[in-house]
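Source file work38.pdb; content: PDB, C-alpha atoms.
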```pdb
MODEL        1
ATOM      1  CA  MET E 122      60.912 -50.592 -55.767
ATOM      2  CA  GLU E 123      57.281 -49.525 -55.900
ATOM      3  CA  ILE E 124      56.071 -47.262 -53.144
ATOM      4  CA  THR E 125      52.944 -48.463 -51.356
ATOM      5  CA  GLU E 126      50.840 -47.082 -48.551
ATOM      6  CA  GLY E 127      52.554 -47.954 -45.277
ATOM      7  CA  SER E 128      56.083 -47.926 -46.743
ATOM      8  CA  ASN E 129      58.763 -45.398 -45.863
ATOM      9  CA  ALA E 130      58.962 -42.449 -48.234
ATOM     10  CA  PRO E 131      62.184 -42.203 -50.223
ATOM     11  CA  ALA E 132      64.552 -39.543 -48.914
ATOM     12  CA  PHE E 133      64.644 -36.360 -50.967
ATOM     13  CA  ASP E 134      66.551 -33.101 -51.070
ATOM     14  CA  MET E 135      65.398 -30.510 -53.622
ATOM     15  CA  PHE E 136      65.944 -26.841 -54.344
ATOM     16  CA  THR E 137      62.784 -24.747 -54.204
ATOM     17  CA  ALA E 138      61.455 -21.536 -55.660
ATOM     18  CA  ALA E 139      62.688 -18.451 -53.784
ATOM     19  CA  GLY E 140      66.092 -20.017 -53.135
ATOM     20  CA  GLY E 141      65.149 -22.581 -50.516
ATOM     21  CA  ARG E 142      65.564 -26.300 -50.032
ATOM     22  CA  VAL E 143      63.231 -29.012 -48.855
ATOM     23  CA  THR E 144      64.263 -32.408 -47.487
ATOM     24  CA  LEU E 145      62.379 -35.342 -46.025
ATOM     25  CA  ASP E 146      64.546 -35.126 -42.895
ATOM     26  CA  GLY E 147      63.676 -31.446 -42.523
ATOM     27  CA  LEU E 148      59.969 -32.322 -42.454
ATOM     28  CA  LYS E 149      60.198 -34.830 -39.573
ATOM     29  CA  GLY E 150      57.294 -34.371 -37.194
ATOM     30  CA  ARG E 151      55.130 -32.693 -39.842
ATOM     31  CA  THR E 152      52.777 -34.108 -42.412
ATOM     32  CA  ALA E 153      53.940 -33.617 -45.990
ATOM     33  CA  VAL E 154      51.844 -33.504 -49.141
ATOM     34  CA  LEU E 155      54.075 -34.186 -52.129
ATOM     35  CA  TYR E 156      52.195 -33.575 -55.339
ATOM     36  CA  PHE E 157      53.931 -34.254 -58.624
ATOM     37  CA  TYR E 158      52.867 -32.330 -61.705
ATOM     38  CA  PRO E 159      54.118 -32.468 -65.316
ATOM     39  CA  LYS E 160      55.063 -28.863 -66.157
ATOM     40  CA  ALA E 161      54.854 -25.416 -64.574
ATOM     41  CA  ASP E 162      52.604 -22.781 -66.118
ATOM     42  CA  THR E 163      50.349 -25.183 -68.020
ATOM     43  CA  PRO E 164      46.562 -25.134 -67.489
ATOM     44  CA  GLY E 165      46.167 -28.296 -65.360
ATOM     45  CA  CYS E 166      49.287 -27.668 -63.315
ATOM     46  CA  THR E 167      48.289 -24.059 -62.699
ATOM     47  CA  ALA E 168      44.793 -25.097 -61.565
ATOM     48  CA  GLU E 169      46.272 -27.712 -59.223
ATOM     49  CA  GLY E 170      48.697 -25.203 -57.680
ATOM     50  CA  GLN E 171      45.891 -22.674 -57.245
ATOM     51  CA  ASP E 172      43.595 -25.279 -55.648
ATOM     52  CA  PHE E 173      46.244 -26.308 -53.104
ATOM     53  CA  SER E 174      47.094 -22.630 -52.487
ATOM     54  CA  ALA E 175      43.435 -21.771 -51.808
ATOM     55  CA  LEU E 176      43.438 -24.356 -49.000
ATOM     56  CA  ILE E 177      46.885 -23.570 -47.586
ATOM     57  CA  LYS E 178      45.535 -22.179 -44.285
ATOM     58  CA  ASP E 179      43.594 -25.404 -43.760
ATOM     59  CA  PHE E 180      46.732 -27.456 -44.465
ATOM     60  CA  ASP E 181      48.683 -25.208 -42.074
ATOM     61  CA  ALA E 182      46.049 -25.840 -39.381
ATOM     62  CA  VAL E 183      46.884 -29.557 -39.425
ATOM     63  CA  GLU E 184      50.640 -28.856 -39.748
ATOM     64  CA  ALA E 185      50.789 -30.216 -43.289
ATOM     65  CA  VAL E 186      53.408 -28.838 -45.665
ATOM     66  CA  VAL E 187      52.312 -28.809 -49.328
ATOM     67  CA  ILE E 188      55.079 -29.295 -51.879
ATOM     68  CA  GLY E 189      54.569 -29.298 -55.632
ATOM     69  CA  VAL E 190      57.305 -31.181 -57.495
ATOM     70  CA  SER E 191      58.199 -30.977 -61.187
ATOM     71  CA  ARG E 192      61.321 -31.342 -63.289
ATOM     72  CA  ASP E 193      61.274 -27.642 -64.139
ATOM     73  CA  PRO E 194      64.348 -25.537 -63.269
ATOM     74  CA  VAL E 195      64.117 -23.307 -60.190
ATOM     75  CA  LYS E 196      64.026 -20.085 -62.260
ATOM     76  CA  LYS E 197      60.895 -21.307 -64.049
ATOM     77  CA  LEU E 198      59.326 -22.218 -60.689
ATOM     78  CA  ASP E 199      60.108 -18.716 -59.375
ATOM     79  CA  ARG E 200      58.218 -17.165 -62.312
ATOM     80  CA  PHE E 201      55.332 -19.660 -61.996
ATOM     81  CA  LYS E 202      54.934 -19.045 -58.259
ATOM     82  CA  ALA E 203      55.008 -15.262 -58.679
ATOM     83  CA  LYS E 204      52.709 -15.178 -61.722
ATOM     84  CA  TYR E 205      49.897 -17.028 -59.930
ATOM     85  CA  ASP E 206      50.750 -16.064 -56.307
ATOM     86  CA  LEU E 207      51.022 -19.738 -55.377
ATOM     87  CA  GLN E 208      51.222 -20.352 -51.636
ATOM     88  CA  VAL E 209      52.701 -23.848 -51.795
ATOM     89  CA  ILE E 210      56.367 -24.801 -51.878
ATOM     90  CA  LEU E 211      57.488 -25.519 -55.439
ATOM     91  CA  ALA E 212      60.426 -27.913 -55.632
ATOM     92  CA  SER E 213      62.641 -28.611 -58.618
ATOM     93  CA  ASP E 214      63.615 -32.178 -59.404
ATOM     94  CA  GLU E 215      65.511 -31.198 -62.530
ATOM     95  CA  PRO E 216      67.893 -34.190 -62.233
ATOM     96  CA  GLY E 217      64.882 -36.526 -61.971
ATOM     97  CA  GLU E 218      66.021 -38.488 -58.928
ATOM     98  CA  VAL E 219      62.908 -37.807 -56.839
ATOM     99  CA  THR E 220      60.385 -38.420 -59.618
ATOM    100  CA  GLU E 221      62.132 -41.722 -60.338
ATOM    101  CA  ALA E 222      62.302 -42.695 -56.642
ATOM    102  CA  PHE E 223      58.565 -42.080 -56.249
ATOM    103  CA  GLY E 224      57.799 -43.977 -59.465
ATOM    104  CA  VAL E 225      56.114 -41.063 -61.233
ATOM    105  CA  TRP E 226      58.500 -40.822 -64.218
ATOM    106  CA  VAL E 227      56.406 -42.886 -66.596
ATOM    107  CA  GLU E 228      55.754 -43.573 -70.254
ATOM    108  CA  LYS E 229      52.915 -41.426 -71.557
ATOM    109  CA  LYS E 230      50.993 -41.277 -74.810
ATOM    110  CA  LEU E 231      49.595 -38.211 -76.538
ATOM    111  CA  TYR E 232      48.100 -38.271 -80.022
ATOM    112  CA  GLY E 233      49.746 -41.630 -80.670
ATOM    113  CA  ARG E 234      53.186 -40.380 -79.637
ATOM    114  CA  GLU E 235      54.946 -42.118 -76.744
ATOM    115  CA  TYR E 236      57.281 -40.197 -74.442
ATOM    116  CA  MET E 237      58.499 -40.120 -70.849
ATOM    117  CA  GLY E 238      56.920 -37.628 -68.466
ATOM    118  CA  VAL E 239      55.799 -36.941 -64.914
ATOM    119  CA  GLU E 240      52.586 -38.660 -63.852
ATOM    120  CA  ARG E 241      50.259 -36.381 -61.894
ATOM    121  CA  ALA E 242      50.336 -38.099 -58.498
ATOM    122  CA  THR E 243      50.185 -37.160 -54.811
ATOM    123  CA  PHE E 244      51.721 -38.757 -51.736
ATOM    124  CA  LEU E 245      50.598 -38.002 -48.168
ATOM    125  CA  ILE E 246      53.518 -38.623 -45.800
ATOM    126  CA  ASP E 247      53.162 -38.569 -42.022
ATOM    127  CA  GLY E 248      55.600 -36.984 -39.566
ATOM    128  CA  ALA E 249      57.538 -40.246 -39.238
ATOM    129  CA  GLY E 250      58.172 -40.406 -43.001
ATOM    130  CA  VAL E 251      55.609 -43.134 -43.720
ATOM    131  CA  VAL E 252      53.452 -42.896 -46.854
ATOM    132  CA  ARG E 253      49.840 -42.892 -45.661
ATOM    133  CA  ARG E 254      47.948 -42.269 -48.915
ATOM    134  CA  ILE E 255      48.766 -42.342 -52.607
ATOM    135  CA  TRP E 256      46.756 -40.852 -55.455
ATOM    136  CA  ARG E 257      47.875 -41.793 -58.968
ATOM    137  CA  LYS E 258      46.708 -40.451 -62.330
ATOM    138  CA  VAL E 259      45.138 -37.539 -60.489
ATOM    139  CA  SER E 260      42.236 -35.549 -61.877
ATOM    140  CA  VAL E 261      42.758 -31.966 -60.696
ATOM    141  CA  LYS E 262      39.147 -30.989 -59.944
ATOM    142  CA  GLY E 263      38.432 -31.569 -56.244
ATOM    143  CA  HIS E 264      41.785 -33.245 -55.625
ATOM    144  CA  ALA E 265      43.243 -30.682 -53.197
ATOM    145  CA  ALA E 266      40.123 -30.905 -51.002
ATOM    146  CA  GLU E 267      40.343 -34.710 -51.000
ATOM    147  CA  VAL E 268      44.001 -34.563 -49.937
ATOM    148  CA  LEU E 269      43.146 -32.029 -47.212
ATOM    149  CA  ALA E 270      40.455 -34.352 -45.808
ATOM    150  CA  ALA E 271      42.993 -37.199 -45.700
ATOM    151  CA  ALA E 272      45.570 -34.962 -43.975
ATOM    152  CA  GLN E 273      42.975 -33.887 -41.417
ATOM    153  CA  SER E 274      42.236 -37.549 -40.618
ATOM    154  CA  LEU E 275      45.853 -38.379 -39.688
TER     155      LEU E 275
ENDMDL
END
```
As structure tokens - that is how I would like this structure written.
Amino acid sequence: MEITEGSNAPAFDMFTAAGGRVTLDGLKGRTAVLYFYPKADTPGCTAEGQDFSALIKDFDAVEAVVIGVSRDPVKKLDRFKAKYDLQVILASDEPGEVTEAFGVWVEKKLYGREYMGVERATFLIDGAGVVRRIWRKVSVKGHAAEVLAAAQSL
């Protein structure tokens, strides 16, 4: 099932860096920004995490929780978060259930080679669990500010 704006977000339950957990049910009443990124500690993913982290106080002001999701193990997320002092929640979808449910586990091509990987995508979910905005094939530059503006308009 493809997720569209206005549909209910798929339920999720993921372990996070620093030994936590994040669930859709636990976010009820708050706006959630779920951004999916391919791999921790790579240039684009680092820039995206830093951009969202730089705006975290603005997201907090509108009661929006920012969660970066990758298939990396929690230990790698712990190192990534500490290395760059990231202020967002980093969640591990190592089993792949959440990336599949959100439709971001896709076929990719690089230098003529085809492989499966995480599409850089962001979902803005309101406090009732409804997907309000979707950004697919995200370009990192300016993206966090665009997502913040959308969160502020809810």
(message) For this structure, which residues satisfy the selection - the PyMOL selection byres ((chain E and resi 150) around 10) - when it is evaluated on the file as given? I want them as a PyMOL selection string.
(response) chain E and resi 146-149+151-153+184-185+247-250
Include C-alpha atoms and write out the residues we just selected as a PDB file, in the frame of the given file.
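And here's selection14.pdb as it stands now:
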```pdb
ATOM      1  CA  ASP E 146      64.546 -35.126 -42.895  1.00  0.00           C
ATOM      2  CA  GLY E 147      63.676 -31.446 -42.523  1.00  0.00           C
ATOM      3  CA  LEU E 148      59.969 -32.322 -42.454  1.00  0.00           C
ATOM      4  CA  LYS E 149      60.198 -34.830 -39.573  1.00  0.00           C
ATOM      5  CA  ARG E 151      55.130 -32.693 -39.842  1.00  0.00           C
ATOM      6  CA  THR E 152      52.777 -34.108 -42.412  1.00  0.00           C
ATOM      7  CA  ALA E 153      53.940 -33.617 -45.990  1.00  0.00           C
ATOM      8  CA  GLU E 184      50.640 -28.856 -39.748  1.00  0.00           C
ATOM      9  CA  ALA E 185      50.789 -30.216 -43.289  1.00  0.00           C
ATOM     10  CA  ASP E 247      53.162 -38.569 -42.022  1.00  0.00           C
ATOM     11  CA  GLY E 248      55.600 -36.984 -39.566  1.00  0.00           C
ATOM     12  CA  ALA E 249      57.538 -40.246 -39.238  1.00  0.00           C
ATOM     13  CA  GLY E 250      58.172 -40.406 -43.001  1.00  0.00           C
TER      14      GLY E 250
END
```
(request) Just give me the residues with any atom within 6 Å of (51.1, -44.8, -48.1), file coordinates, counting all atoms listed in the file, written as a PyMOL selection string. (result) chain E and resi 125-127+252-255
Could you write out that same residue set with C-alpha atoms as a tab-separated table (two decimals), keeping the file's coordinate frame?
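Just written: part_1.tsv:
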```tsv
chain	number	residue	atom	x	y	z
E	125	THR	CA	52.94	-48.46	-51.36
E	126	GLU	CA	50.84	-47.08	-48.55
E	127	GLY	CA	52.55	-47.95	-45.28
E	252	VAL	CA	53.45	-42.90	-46.85
E	253	ARG	CA	49.84	-42.89	-45.66
E	254	ARG	CA	47.95	-42.27	-48.92
E	255	ILE	CA	48.77	-42.34	-52.61
```
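For the file shown, the residue list from the PyMOL selection byres ((chain E and resi 216) around 10) reads E:Met135, E:Arg192, E:Asp193, E:Pro194, E:Ser213, E:Asp214, E:Glu215, E:Gly217, E:Glu218, E:Val219, E:Thr220, E:Glu221.
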Any idea what's packed within 9 Å of Lys196 of chain E, counting all atoms listed in the file, ignoring anything in its chain fewer than 5 positions away? Could you give it as a short mmCIF file (atom, residue, chain, number, x, y, z; two decimals) with C-alpha atoms, in the frame of the given file?
```cif
data_model
loop_
_atom_site.label_atom_id
_atom_site.label_comp_id
_atom_site.auth_asym_id
_atom_site.auth_seq_id
_atom_site.Cartn_x
_atom_site.Cartn_y
_atom_site.Cartn_z
CA ALA E 138 61.46 -21.54 -55.66
CA ALA E 139 62.69 -18.45 -53.78
CA PHE E 201 55.33 -19.66 -62.00
#
```
(message) Could you tell me, as a PyMOL selection string, exactly which residues end up selected when the PyMOL selection byres ((chain E and resi 156) around 9) is applied to this structure?
(response) chain E and resi 154-155+157-158+187-191+241-245
(request) Skip Gln273 of chain E itself and residues of its chain fewer than 5 positions away, then list as a PyMOL selection string all residues within 9 Å of it, counting only C-alpha atoms. (result) chain E and resi 179-180+182-183+185+268
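Taking atom CA of Asp199 of chain E and atom CA of Ala130 of chain E as endpoints, the distance between them is 26.2 Å.
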(message) Report as a PyMOL selection string all protein, DNA and RNA residues lying within 8 Å of Val261 of chain E, evaluated on all atoms listed in the file, omitting residues in the same chain fewer than 4 positions from it.
(response) chain E and resi 165+168-169+265
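The two atoms in question, atom CA of Leu145 of chain E and atom CA of Ser274 of chain E, are spaced 21.0 Å apart.
Restricting the calculation to all atoms listed in the file, the smallest distance between Val227 of chain E and any of E:Asp206, E:Arg142, E:Pro159, E:Gly170 is found for E:Pro159.
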What would segment 239-252 of chain E look like with N, CA, C and O atoms restored, written as a PDB file, in the coordinates of the input?
```
ATOM      1  N   VAL E 239      56.196 -36.841 -66.317  1.00  0.00           N
ATOM      2  CA  VAL E 239      55.799 -36.941 -64.914  1.00  0.00           C
ATOM      3  C   VAL E 239      54.309 -37.249 -64.835  1.00  0.00           C
ATOM      4  O   VAL E 239      53.487 -36.529 -65.408  1.00  0.00           O
ATOM      5  N   GLU E 240      53.981 -38.314 -64.117  1.00  0.00           N
ATOM      6  CA  GLU E 240      52.586 -38.660 -63.852  1.00  0.00           C
ATOM      7  C   GLU E 240      52.069 -37.732 -62.753  1.00  0.00           C
ATOM      8  O   GLU E 240      52.757 -37.494 -61.758  1.00  0.00           O
ATOM      9  N   ARG E 241      50.871 -37.204 -62.934  1.00  0.00           N
ATOM     10  CA  ARG E 241      50.259 -36.381 -61.894  1.00  0.00           C
ATOM     11  C   ARG E 241      49.862 -37.324 -60.757  1.00  0.00           C
ATOM     12  O   ARG E 241      48.981 -38.163 -60.907  1.00  0.00           O
ATOM     13  N   ALA E 242      50.560 -37.203 -59.633  1.00  0.00           N
ATOM     14  CA  ALA E 242      50.336 -38.099 -58.498  1.00  0.00           C
ATOM     15  C   ALA E 242      50.613 -37.343 -57.201  1.00  0.00           C
ATOM     16  O   ALA E 242      51.355 -36.357 -57.197  1.00  0.00           O
ATOM     17  N   THR E 243      50.007 -37.808 -56.114  1.00  0.00           N
ATOM     18  CA  THR E 243      50.185 -37.160 -54.811  1.00  0.00           C
ATOM     19  C   THR E 243      50.456 -38.216 -53.747  1.00  0.00           C
ATOM     20  O   THR E 243      49.835 -39.283 -53.753  1.00  0.00           O
ATOM     21  N   PHE E 244      51.365 -37.865 -52.842  1.00  0.00           N
ATOM     22  CA  PHE E 244      51.721 -38.757 -51.736  1.00  0.00           C
ATOM     23  C   PHE E 244      51.528 -37.985 -50.427  1.00  0.00           C
ATOM     24  O   PHE E 244      52.054 -36.886 -50.279  1.00  0.00           O
ATOM     25  N   LEU E 245      50.795 -38.579 -49.497  1.00  0.00           N
ATOM     26  CA  LEU E 245      50.598 -38.002 -48.168  1.00  0.00           C
ATOM     27  C   LEU E 245      51.526 -38.754 -47.220  1.00  0.00           C
ATOM     28  O   LEU E 245      51.407 -39.973 -47.066  1.00  0.00           O
ATOM     29  N   ILE E 246      52.471 -38.021 -46.635  1.00  0.00           N
ATOM     30  CA  ILE E 246      53.518 -38.623 -45.800  1.00  0.00           C
ATOM     31  C   ILE E 246      53.366 -38.100 -44.379  1.00  0.00           C
ATOM     32  O   ILE E 246      53.280 -36.887 -44.163  1.00  0.00           O
ATOM     33  N   ASP E 247      53.334 -39.010 -43.407  1.00  0.00           N
ATOM     34  CA  ASP E 247      53.162 -38.569 -42.022  1.00  0.00           C
ATOM     35  C   ASP E 247      54.481 -38.062 -41.443  1.00  0.00           C
ATOM     36  O   ASP E 247      55.532 -38.106 -42.099  1.00  0.00           O
ATOM     37  N   GLY E 248      54.432 -37.584 -40.209  1.00  0.00           N
ATOM     38  CA  GLY E 248      55.600 -36.984 -39.566  1.00  0.00           C
ATOM     39  C   GLY E 248      56.751 -37.938 -39.321  1.00  0.00           C
ATOM     40  O   GLY E 248      57.874 -37.515 -39.061  1.00  0.00           O
ATOM     41  N   ALA E 249      56.487 -39.247 -39.412  1.00  0.00           N
ATOM     42  CA  ALA E 249      57.538 -40.246 -39.238  1.00  0.00           C
ATOM     43  C   ALA E 249      58.138 -40.676 -40.583  1.00  0.00           C
ATOM     44  O   ALA E 249      58.997 -41.550 -40.636  1.00  0.00           O
ATOM     45  N   GLY E 250      57.645 -40.078 -41.689  1.00  0.00           N
ATOM     46  CA  GLY E 250      58.172 -40.406 -43.001  1.00  0.00           C
ATOM     47  C   GLY E 250      57.510 -41.604 -43.666  1.00  0.00           C
ATOM     48  O   GLY E 250      58.040 -42.160 -44.624  1.00  0.00           O
ATOM     49  N   VAL E 251      56.336 -41.988 -43.167  1.00  0.00           N
ATOM     50  CA  VAL E 251      55.609 -43.134 -43.720  1.00  0.00           C
ATOM     51  C   VAL E 251      54.531 -42.635 -44.688  1.00  0.00           C
ATOM     52  O   VAL E 251      53.785 -41.703 -44.375  1.00  0.00           O
ATOM     53  N   VAL E 252      54.462 -43.252 -45.855  1.00  0.00           N
ATOM     54  CA  VAL E 252      53.452 -42.896 -46.854  1.00  0.00           C
ATOM     55  C   VAL E 252      52.096 -43.421 -46.373  1.00  0.00           C
ATOM     56  O   VAL E 252      51.924 -44.621 -46.189  1.00  0.00           O
TER      57      VAL E 252
END
```
